[in-house]
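Data file: input.txt. Format and content: compact mmCIF, N, CA and C atoms and all ligand atoms.
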```
# COMPACT_ATOMS: atom_id res chain seq x y z
N THR A 1 12.21 -9.99 -9.86
CA THR A 1 10.79 -10.10 -9.54
C THR A 1 10.14 -8.73 -9.62
N LYS A 2 8.97 -8.70 -10.26
CA LYS A 2 8.21 -7.45 -10.33
C LYS A 2 7.35 -7.30 -9.07
N ALA A 3 7.19 -6.07 -8.62
CA ALA A 3 6.29 -5.78 -7.49
C ALA A 3 5.58 -4.47 -7.77
N LEU A 4 4.31 -4.40 -7.33
CA LEU A 4 3.52 -3.17 -7.48
C LEU A 4 3.36 -2.51 -6.13
N VAL A 5 3.48 -1.18 -6.12
CA VAL A 5 3.09 -0.38 -4.97
C VAL A 5 1.87 0.42 -5.41
N LEU A 6 0.72 0.15 -4.78
CA LEU A 6 -0.53 0.79 -5.18
C LEU A 6 -1.04 1.68 -4.04
N ASN A 7 -1.21 2.95 -4.35
CA ASN A 7 -1.67 3.93 -3.36
C ASN A 7 -3.04 4.46 -3.73
N GLY A 8 -3.92 4.52 -2.73
CA GLY A 8 -5.29 4.93 -2.94
C GLY A 8 -5.52 6.43 -2.77
N PRO A 9 -6.76 6.79 -2.46
CA PRO A 9 -7.22 8.17 -2.58
C PRO A 9 -6.49 9.15 -1.66
N ASN A 10 -6.24 10.30 -2.21
CA ASN A 10 -5.65 11.45 -1.52
C ASN A 10 -4.15 11.31 -1.26
N LEU A 11 -3.59 10.15 -1.55
CA LEU A 11 -2.14 9.97 -1.32
C LEU A 11 -1.31 10.68 -2.38
N GLY A 12 -1.93 11.11 -3.47
CA GLY A 12 -1.22 11.93 -4.45
C GLY A 12 -0.81 13.28 -3.89
N ARG A 13 -1.44 13.68 -2.79
CA ARG A 13 -1.11 14.96 -2.17
C ARG A 13 -0.17 14.81 -0.98
N LEU A 14 0.46 13.64 -0.87
CA LEU A 14 1.45 13.45 0.20
C LEU A 14 2.45 14.60 0.20
N GLY A 15 2.87 14.98 1.39
CA GLY A 15 3.80 16.10 1.53
C GLY A 15 3.08 17.42 1.77
N ARG A 16 1.88 17.54 1.17
CA ARG A 16 1.08 18.76 1.37
C ARG A 16 -0.15 18.45 2.21
N ARG A 17 -0.55 17.18 2.24
CA ARG A 17 -1.76 16.77 2.93
C ARG A 17 -1.45 16.46 4.39
N GLN A 18 -2.02 17.24 5.32
CA GLN A 18 -1.84 16.99 6.75
C GLN A 18 -0.44 16.47 7.08
N PRO A 19 0.60 17.29 6.82
CA PRO A 19 1.98 16.80 7.03
C PRO A 19 2.26 16.41 8.48
N GLU A 20 1.47 16.97 9.41
CA GLU A 20 1.67 16.59 10.83
C GLU A 20 1.31 15.12 11.05
N ILE A 21 0.50 14.56 10.15
CA ILE A 21 0.13 13.13 10.25
C ILE A 21 0.93 12.30 9.25
N TYR A 22 1.04 12.80 8.00
CA TYR A 22 1.59 11.96 6.93
C TYR A 22 3.01 12.34 6.50
N GLY A 23 3.58 13.40 7.13
CA GLY A 23 4.97 13.75 6.84
C GLY A 23 5.12 14.65 5.63
N HIS A 24 6.35 14.92 5.27
CA HIS A 24 6.67 15.92 4.24
C HIS A 24 7.13 15.31 2.92
N THR A 25 7.26 14.00 2.85
CA THR A 25 7.68 13.35 1.60
C THR A 25 6.53 13.41 0.60
N THR A 26 6.81 13.87 -0.62
CA THR A 26 5.76 13.93 -1.65
C THR A 26 5.56 12.55 -2.28
N HIS A 27 4.47 12.41 -3.04
CA HIS A 27 4.23 11.12 -3.69
C HIS A 27 5.31 10.81 -4.72
N ASP A 28 5.77 11.82 -5.45
CA ASP A 28 6.87 11.60 -6.41
C ASP A 28 8.13 11.12 -5.70
N GLU A 29 8.43 11.74 -4.57
CA GLU A 29 9.61 11.31 -3.79
C GLU A 29 9.43 9.90 -3.26
N LEU A 30 8.22 9.61 -2.77
CA LEU A 30 7.94 8.25 -2.28
C LEU A 30 8.12 7.23 -3.40
N ALA A 31 7.61 7.56 -4.59
CA ALA A 31 7.72 6.63 -5.71
C ALA A 31 9.19 6.35 -6.04
N GLU A 32 10.01 7.40 -6.04
CA GLU A 32 11.44 7.22 -6.32
C GLU A 32 12.10 6.38 -5.23
N LEU A 33 11.77 6.66 -3.96
CA LEU A 33 12.32 5.86 -2.86
C LEU A 33 11.93 4.39 -3.02
N CYS A 34 10.67 4.14 -3.37
CA CYS A 34 10.22 2.74 -3.51
C CYS A 34 10.98 2.03 -4.63
N ARG A 35 11.21 2.74 -5.74
CA ARG A 35 11.97 2.11 -6.83
C ARG A 35 13.40 1.79 -6.37
N GLN A 36 14.01 2.73 -5.61
CA GLN A 36 15.38 2.50 -5.11
C GLN A 36 15.42 1.38 -4.09
N TRP A 37 14.48 1.42 -3.12
CA TRP A 37 14.45 0.36 -2.10
C TRP A 37 14.20 -0.99 -2.76
N GLY A 38 13.30 -1.00 -3.75
CA GLY A 38 13.02 -2.24 -4.45
C GLY A 38 14.25 -2.76 -5.17
N ALA A 39 14.92 -1.87 -5.92
CA ALA A 39 16.10 -2.28 -6.68
C ALA A 39 17.16 -2.85 -5.74
N ALA A 40 17.34 -2.22 -4.58
CA ALA A 40 18.34 -2.69 -3.61
C ALA A 40 17.99 -4.09 -3.11
N ALA A 41 16.70 -4.42 -3.10
CA ALA A 41 16.25 -5.74 -2.63
C ALA A 41 16.05 -6.72 -3.79
N GLY A 42 16.36 -6.29 -5.01
CA GLY A 42 16.23 -7.18 -6.17
C GLY A 42 14.85 -7.17 -6.80
N LEU A 43 14.07 -6.13 -6.54
CA LEU A 43 12.71 -6.05 -7.10
C LEU A 43 12.62 -4.93 -8.14
N ASP A 44 11.82 -5.21 -9.16
CA ASP A 44 11.50 -4.21 -10.18
C ASP A 44 10.14 -3.61 -9.77
N VAL A 45 10.18 -2.40 -9.20
CA VAL A 45 8.99 -1.83 -8.55
C VAL A 45 8.33 -0.79 -9.44
N GLU A 46 7.01 -0.91 -9.56
CA GLU A 46 6.21 0.11 -10.24
C GLU A 46 5.24 0.70 -9.22
N VAL A 47 5.18 2.03 -9.15
CA VAL A 47 4.35 2.72 -8.16
C VAL A 47 3.22 3.45 -8.88
N ARG A 48 2.00 3.25 -8.38
CA ARG A 48 0.83 3.92 -8.97
C ARG A 48 -0.04 4.49 -7.85
N GLN A 49 -0.75 5.57 -8.19
CA GLN A 49 -1.70 6.19 -7.24
C GLN A 49 -2.97 6.52 -8.00
N THR A 50 -4.12 6.29 -7.34
CA THR A 50 -5.39 6.66 -7.98
C THR A 50 -6.39 7.17 -6.95
N ASN A 51 -7.26 8.07 -7.41
CA ASN A 51 -8.39 8.53 -6.61
C ASN A 51 -9.68 7.85 -7.05
N HIS A 52 -9.57 6.85 -7.94
CA HIS A 52 -10.75 6.21 -8.52
C HIS A 52 -10.76 4.73 -8.14
N GLU A 53 -11.74 4.34 -7.36
CA GLU A 53 -11.73 2.99 -6.79
C GLU A 53 -11.70 1.90 -7.86
N GLY A 54 -12.48 2.10 -8.94
CA GLY A 54 -12.52 1.09 -10.00
C GLY A 54 -11.16 0.87 -10.63
N GLU A 55 -10.37 1.94 -10.72
CA GLU A 55 -9.02 1.81 -11.28
C GLU A 55 -8.16 0.91 -10.39
N LEU A 56 -8.26 1.12 -9.08
CA LEU A 56 -7.51 0.26 -8.16
C LEU A 56 -7.96 -1.19 -8.29
N LEU A 57 -9.28 -1.40 -8.41
CA LEU A 57 -9.80 -2.78 -8.56
C LEU A 57 -9.25 -3.42 -9.84
N ASP A 58 -9.19 -2.65 -10.93
CA ASP A 58 -8.64 -3.18 -12.19
C ASP A 58 -7.17 -3.57 -12.00
N TRP A 59 -6.41 -2.75 -11.29
CA TRP A 59 -4.98 -3.05 -11.07
C TRP A 59 -4.83 -4.32 -10.22
N LEU A 60 -5.70 -4.45 -9.20
CA LEU A 60 -5.61 -5.64 -8.34
C LEU A 60 -6.02 -6.89 -9.11
N ASN A 61 -7.04 -6.78 -9.97
CA ASN A 61 -7.44 -7.93 -10.78
C ASN A 61 -6.31 -8.37 -11.72
N ALA A 62 -5.63 -7.39 -12.32
CA ALA A 62 -4.51 -7.73 -13.22
C ALA A 62 -3.36 -8.34 -12.41
N ALA A 63 -3.11 -7.83 -11.22
CA ALA A 63 -2.04 -8.39 -10.38
C ALA A 63 -2.36 -9.84 -10.01
N ALA A 64 -3.65 -10.13 -9.79
CA ALA A 64 -4.06 -11.51 -9.50
C ALA A 64 -3.79 -12.41 -10.71
N ASP A 65 -4.17 -11.95 -11.88
CA ASP A 65 -3.95 -12.73 -13.11
C ASP A 65 -2.46 -12.98 -13.34
N ASP A 66 -1.65 -11.97 -13.07
CA ASP A 66 -0.23 -12.05 -13.40
C ASP A 66 0.63 -12.57 -12.24
N GLY A 67 0.01 -12.81 -11.07
CA GLY A 67 0.75 -13.33 -9.93
C GLY A 67 1.81 -12.37 -9.41
N ILE A 68 1.48 -11.08 -9.43
CA ILE A 68 2.45 -10.06 -9.01
C ILE A 68 2.20 -9.66 -7.55
N PRO A 69 3.27 -9.62 -6.72
CA PRO A 69 3.09 -9.18 -5.34
C PRO A 69 2.76 -7.69 -5.27
N VAL A 70 1.97 -7.34 -4.24
CA VAL A 70 1.44 -5.98 -4.12
C VAL A 70 1.69 -5.42 -2.73
N VAL A 71 2.20 -4.18 -2.70
CA VAL A 71 2.21 -3.36 -1.49
C VAL A 71 1.06 -2.38 -1.65
N LEU A 72 0.10 -2.42 -0.72
CA LEU A 72 -1.13 -1.65 -0.88
C LEU A 72 -1.37 -0.71 0.29
N ASN A 73 -1.44 0.59 -0.03
CA ASN A 73 -2.00 1.56 0.92
C ASN A 73 -3.30 2.05 0.29
N ALA A 74 -4.39 1.43 0.71
CA ALA A 74 -5.70 1.75 0.11
C ALA A 74 -6.34 2.97 0.77
N ALA A 75 -5.60 3.63 1.68
CA ALA A 75 -6.07 4.85 2.33
C ALA A 75 -7.49 4.64 2.86
N ALA A 76 -8.39 5.59 2.65
CA ALA A 76 -9.73 5.50 3.28
C ALA A 76 -10.53 4.29 2.81
N TRP A 77 -10.28 3.81 1.58
CA TRP A 77 -11.03 2.62 1.10
C TRP A 77 -10.79 1.41 2.00
N THR A 78 -9.61 1.37 2.62
CA THR A 78 -9.29 0.30 3.57
C THR A 78 -10.43 0.05 4.54
N HIS A 79 -11.06 1.15 4.95
CA HIS A 79 -11.97 1.08 6.10
C HIS A 79 -13.41 0.75 5.75
N TYR A 80 -13.75 0.74 4.45
CA TYR A 80 -15.16 0.47 4.15
C TYR A 80 -15.44 -0.23 2.83
N SER A 81 -14.43 -0.53 2.01
CA SER A 81 -14.75 -1.04 0.68
C SER A 81 -14.80 -2.57 0.63
N LEU A 82 -16.01 -3.10 0.45
CA LEU A 82 -16.16 -4.54 0.30
C LEU A 82 -15.65 -5.01 -1.05
N ALA A 83 -15.71 -4.16 -2.07
CA ALA A 83 -15.15 -4.51 -3.38
C ALA A 83 -13.63 -4.66 -3.27
N LEU A 84 -13.02 -3.80 -2.47
CA LEU A 84 -11.57 -3.91 -2.23
C LEU A 84 -11.26 -5.21 -1.48
N HIS A 85 -12.08 -5.53 -0.47
CA HIS A 85 -11.95 -6.79 0.27
C HIS A 85 -11.92 -7.97 -0.70
N ASP A 86 -12.90 -8.00 -1.62
CA ASP A 86 -13.01 -9.12 -2.56
C ASP A 86 -11.84 -9.14 -3.55
N ALA A 87 -11.39 -7.96 -3.97
CA ALA A 87 -10.26 -7.91 -4.90
C ALA A 87 -8.99 -8.42 -4.22
N CYS A 88 -8.81 -8.09 -2.95
CA CYS A 88 -7.61 -8.55 -2.22
C CYS A 88 -7.68 -10.06 -1.97
N ALA A 89 -8.91 -10.57 -1.76
CA ALA A 89 -9.08 -11.99 -1.42
C ALA A 89 -8.57 -12.91 -2.52
N GLN A 90 -8.59 -12.45 -3.78
CA GLN A 90 -8.27 -13.32 -4.91
C GLN A 90 -6.81 -13.18 -5.36
N LEU A 91 -6.03 -12.36 -4.65
CA LEU A 91 -4.62 -12.20 -5.07
C LEU A 91 -3.89 -13.52 -4.90
N THR A 92 -2.94 -13.75 -5.77
CA THR A 92 -2.24 -15.04 -5.78
C THR A 92 -0.81 -14.93 -5.25
N ALA A 93 -0.25 -13.74 -5.28
CA ALA A 93 1.10 -13.50 -4.74
C ALA A 93 0.94 -12.69 -3.44
N PRO A 94 2.02 -12.58 -2.63
CA PRO A 94 1.87 -11.90 -1.34
C PRO A 94 1.38 -10.46 -1.47
N LEU A 95 0.52 -10.09 -0.49
CA LEU A 95 -0.01 -8.74 -0.34
C LEU A 95 0.50 -8.20 0.99
N VAL A 96 1.06 -6.99 0.97
CA VAL A 96 1.44 -6.32 2.22
C VAL A 96 0.64 -5.02 2.31
N GLU A 97 -0.06 -4.86 3.43
CA GLU A 97 -0.84 -3.65 3.71
C GLU A 97 0.07 -2.63 4.40
N VAL A 98 0.07 -1.40 3.89
CA VAL A 98 0.88 -0.34 4.50
C VAL A 98 -0.01 0.86 4.81
N HIS A 99 0.24 1.45 5.98
CA HIS A 99 -0.31 2.77 6.31
C HIS A 99 0.81 3.61 6.88
N ILE A 100 0.85 4.87 6.46
CA ILE A 100 1.89 5.78 6.95
C ILE A 100 1.67 6.08 8.42
N SER A 101 0.41 6.38 8.76
CA SER A 101 0.04 6.59 10.16
C SER A 101 -0.34 5.25 10.78
N GLU A 102 -0.79 5.27 12.03
CA GLU A 102 -1.26 4.05 12.71
C GLU A 102 -2.77 4.18 12.88
N PRO A 103 -3.54 3.73 11.89
CA PRO A 103 -4.99 3.98 11.92
C PRO A 103 -5.68 3.51 13.20
N LYS A 104 -5.21 2.39 13.75
CA LYS A 104 -5.90 1.85 14.93
C LYS A 104 -5.66 2.69 16.18
N GLN A 105 -4.68 3.59 16.14
CA GLN A 105 -4.42 4.48 17.28
C GLN A 105 -5.07 5.84 17.09
N ARG A 106 -5.72 6.05 15.97
CA ARG A 106 -6.30 7.38 15.71
C ARG A 106 -7.71 7.46 16.28
N PRO A 107 -8.15 8.69 16.59
CA PRO A 107 -9.41 8.83 17.33
C PRO A 107 -10.66 8.42 16.54
N GLU A 108 -10.61 8.50 15.20
CA GLU A 108 -11.84 8.19 14.45
C GLU A 108 -12.06 6.68 14.43
N GLU A 109 -13.22 6.26 14.96
CA GLU A 109 -13.57 4.83 15.00
C GLU A 109 -13.46 4.16 13.64
N PHE A 110 -13.85 4.90 12.58
CA PHE A 110 -13.91 4.27 11.25
C PHE A 110 -12.54 3.78 10.80
N ARG A 111 -11.46 4.35 11.36
CA ARG A 111 -10.11 3.92 10.95
C ARG A 111 -9.68 2.62 11.61
N HIS A 112 -10.49 2.11 12.55
CA HIS A 112 -10.08 0.93 13.32
C HIS A 112 -10.42 -0.37 12.61
N THR A 113 -11.18 -0.27 11.53
CA THR A 113 -11.54 -1.45 10.74
C THR A 113 -10.70 -1.47 9.46
N SER A 114 -10.20 -2.65 9.08
CA SER A 114 -9.51 -2.79 7.78
C SER A 114 -10.10 -3.96 7.01
N TYR A 115 -10.53 -3.69 5.79
CA TYR A 115 -10.99 -4.75 4.90
C TYR A 115 -9.86 -5.38 4.10
N VAL A 116 -8.64 -4.95 4.37
CA VAL A 116 -7.46 -5.48 3.66
C VAL A 116 -6.72 -6.48 4.54
N GLU A 117 -6.70 -6.24 5.86
CA GLU A 117 -5.74 -6.95 6.72
C GLU A 117 -5.92 -8.47 6.69
N GLN A 118 -7.16 -8.94 6.54
CA GLN A 118 -7.34 -10.40 6.59
C GLN A 118 -6.69 -11.10 5.39
N HIS A 119 -6.42 -10.35 4.34
CA HIS A 119 -5.82 -10.93 3.14
C HIS A 119 -4.32 -10.65 3.05
N ALA A 120 -3.81 -9.85 3.97
CA ALA A 120 -2.42 -9.41 3.90
C ALA A 120 -1.50 -10.39 4.63
N ALA A 121 -0.37 -10.67 4.03
CA ALA A 121 0.64 -11.50 4.69
C ALA A 121 1.23 -10.72 5.87
N ARG A 122 1.24 -9.40 5.75
CA ARG A 122 1.72 -8.52 6.82
C ARG A 122 1.03 -7.19 6.71
N THR A 123 0.85 -6.51 7.84
CA THR A 123 0.39 -5.12 7.86
C THR A 123 1.47 -4.30 8.55
N ILE A 124 1.88 -3.21 7.90
CA ILE A 124 2.91 -2.33 8.48
C ILE A 124 2.30 -0.93 8.58
N SER A 125 2.15 -0.45 9.82
CA SER A 125 1.49 0.84 10.06
C SER A 125 2.32 1.67 11.01
N GLY A 126 2.19 3.00 10.87
CA GLY A 126 2.77 3.90 11.85
C GLY A 126 4.26 4.09 11.74
N GLN A 127 4.85 3.69 10.62
CA GLN A 127 6.31 3.82 10.45
C GLN A 127 6.65 4.91 9.45
N GLY A 128 5.66 5.73 9.10
CA GLY A 128 5.90 6.74 8.06
C GLY A 128 6.17 6.07 6.72
N VAL A 129 6.84 6.80 5.82
CA VAL A 129 7.07 6.22 4.49
C VAL A 129 8.06 5.05 4.55
N ASP A 130 8.81 4.94 5.64
CA ASP A 130 9.73 3.80 5.78
C ASP A 130 8.97 2.46 5.77
N GLY A 131 7.68 2.51 6.10
CA GLY A 131 6.87 1.30 6.05
C GLY A 131 6.88 0.65 4.67
N TYR A 132 6.98 1.47 3.63
CA TYR A 132 7.03 0.93 2.27
C TYR A 132 8.34 0.16 2.05
N ARG A 133 9.43 0.65 2.62
CA ARG A 133 10.71 -0.07 2.51
C ARG A 133 10.59 -1.44 3.19
N LEU A 134 10.03 -1.44 4.40
CA LEU A 134 9.87 -2.71 5.13
C LEU A 134 8.98 -3.66 4.34
N ALA A 135 7.94 -3.14 3.72
CA ALA A 135 7.02 -3.98 2.94
C ALA A 135 7.74 -4.58 1.74
N LEU A 136 8.53 -3.77 1.04
CA LEU A 136 9.25 -4.27 -0.14
C LEU A 136 10.30 -5.29 0.27
N GLU A 137 10.98 -5.06 1.40
CA GLU A 137 11.97 -6.04 1.88
C GLU A 137 11.29 -7.36 2.24
N PHE A 138 10.08 -7.27 2.83
CA PHE A 138 9.32 -8.48 3.14
C PHE A 138 8.99 -9.25 1.87
N ILE A 139 8.52 -8.52 0.85
CA ILE A 139 8.16 -9.18 -0.42
C ILE A 139 9.39 -9.80 -1.07
N ALA A 140 10.52 -9.11 -1.03
CA ALA A 140 11.75 -9.67 -1.60
C ALA A 140 12.15 -10.94 -0.86
N ALA A 141 12.00 -10.93 0.46
CA ALA A 141 12.35 -12.12 1.26
C ALA A 141 11.43 -13.28 0.90
N GLN A 142 10.14 -13.00 0.75
CA GLN A 142 9.16 -14.03 0.36
C GLN A 142 9.48 -14.61 -1.00
N ALA A 143 9.98 -13.74 -1.90
CA ALA A 143 10.29 -14.17 -3.27
C ALA A 143 11.65 -14.85 -3.33
N GLY A 144 12.35 -14.87 -2.18
CA GLY A 144 13.65 -15.53 -2.14
C GLY A 144 14.74 -14.76 -2.84
N GLN A 145 14.59 -13.43 -2.86
CA GLN A 145 15.60 -12.56 -3.53
C GLN A 145 16.81 -12.40 -2.61
C1 LIG A 201 -3.68 6.03 5.63
C2 LIG A 201 -4.62 5.96 6.86
C3 LIG A 201 -6.08 6.04 6.45
O1 LIG A 201 -6.91 5.99 7.61
C4 LIG A 201 -6.35 7.35 5.74
O2 LIG A 201 -7.68 7.35 5.26
C5 LIG A 201 -5.37 7.64 4.65
C6 LIG A 201 -3.97 7.26 4.80
C7 LIG A 201 -2.20 6.07 6.04
O3 LIG A 201 -1.36 5.87 5.18
O4 LIG A 201 -1.88 6.35 7.21
O5 LIG A 201 -5.74 8.26 3.66
O6 LIG A 201 -3.89 4.86 4.85
```
Take the structure from the file and write it as structure tokens.
Amino acid sequence: TKALVLNGPNLGRLGRRQPEIYGHTTHDELAELCRQWGAAAGLDVEVRQTNHEGELLDWLNAAADDGIPVVLNAAAWTHYSLALHDACAQLTAPLVEVHISEPKQRPEEFRHTSYVEQHAARTISGQGVDGYRLALEFIAAQAGQ
């Protein structure tokens, strides 16, 4: 089974970006871990990151057409993008929302809203990059792998 891991804005700087919040694993390292975790669970995982919202929308639209499960960390777009809400609403295979930190426990009010969660089969937050492993294992279990 194919699965996509889609990461939104600023996550390309993982490891260097506020490591006290997001940890020291780089995006390249995260991508490699996701491919390994996926392979161990029987999934063929492709990892992508973008700082351009329209690109993420195009990827989600293609995933809907192709019936591909998605692990999504939409980063800040999570908290305000109605276009992201609509793109997630039309997905046909399971969607798992991931956040490295726990947005609902953070002081900024804007992080307490998610436009993804209502469409997600599961939300995994506050587990660091290990949340991606849990998300991929969930998707593999759903796919009966
Ligand atoms: C994040 C949490 C968001 O609030 C933030 O905008 C991010 C990363 C996380 O993984 O913890 O960029 O999605």
Do you know which residues are within 8 Å of ligand LIG 201 (chain A) using only C-alpha atoms and all ligand atoms? Can you write them as a list in words?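 Residues lying within 8 Å of ligand LIG 201 (chain A): Gly8, Pro9, Asn10, Leu11, Ile21, Tyr22, Asn73, Ala74, Ala75, Ala76, Trp77, Thr78, His79, Val98, His99, Ile100, Ser101, Glu102, Pro103, Arg111, Ser125, Gly126 and Gly128 of chain A.
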Near Arg122 in chain A, counting only N, CA and C atoms, which residues have an atom at most 8 Å away, once you skip same-chain residues fewer than 2 positions from it, shown as an MDAnalysis selection string? chainID A and resid 94:98 117 119:120 124:125 135
Report, as JSON, the axis-aligned box around all atoms of range 62-77 of chain A present in the file, extended by 5 Å on each side; give centre and edge lengths in Å to one decimal place.
```
{"center_x": -3.9, "center_y": -3.9, "center_z": -5.1, "size_x": 24.3, "size_y": 28.9, "size_z": 26.7}
```
Using DSSP assignments from the backbone, pull out every residue in range 8-133 of chain A that falls under helix (DSSP H, G or I) and give it to me as an MDAnalysis selection string. chainID A and resid 11:13 19:22 27:40 53:66 75:79 82:89 103:105 109:112 117:119 130:133
Go ahead and compute the interatomic distance for atom N of His112 in chain A and atom C of Tyr80 in chain A, in Å to one decimal. 11.2 Å
Distance atom N of Thr1 in chain A-atom N of Thr50 in chain A, one decimal place? 23.2 Å
If I put a ball of radius 12 Å at (13.5, -5.4, -6.2) in the file's coordinates, which residues poke into it when counting only C-alpha atoms, written as an MDAnalysis selection string? chainID A and resid 1:5 33:46 69 133 135:145
Apply DSSP to the backbone of this structure and, from range 13-64 of chain A, keep only the residues in strand (DSSP E); write these as a list in words.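 Strand (DSSP E) members of range 13-64 of chain A, listed: Asp44, Val45, Glu46, Val47, Arg48 and Gln49 of chain A.
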Go ahead and compute the interatomic distance for CA of Arg48 in chain A and atom N of Phe110 in chain A, in Å to one decimal.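 Straight-line distance from CA of Arg48 in chain A to atom N of Phe110 in chain A works out to 26.1 Å.
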Could you check the closest approach to Ala93 in chain A for each of A:Asn7, A:Asn61, A:Gln105, A:Thr26 and tell me which residue wins, using only C-alpha atoms? A:Asn61
I need the residue nearest Ala63 in chain A from this list: A:Leu14, A:Ala121, A:Val116, A:Leu91. Use all atoms listed in the file for the distance.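 Of the candidates, the smallest distance to Ala63 in chain A is held by A:Leu91.
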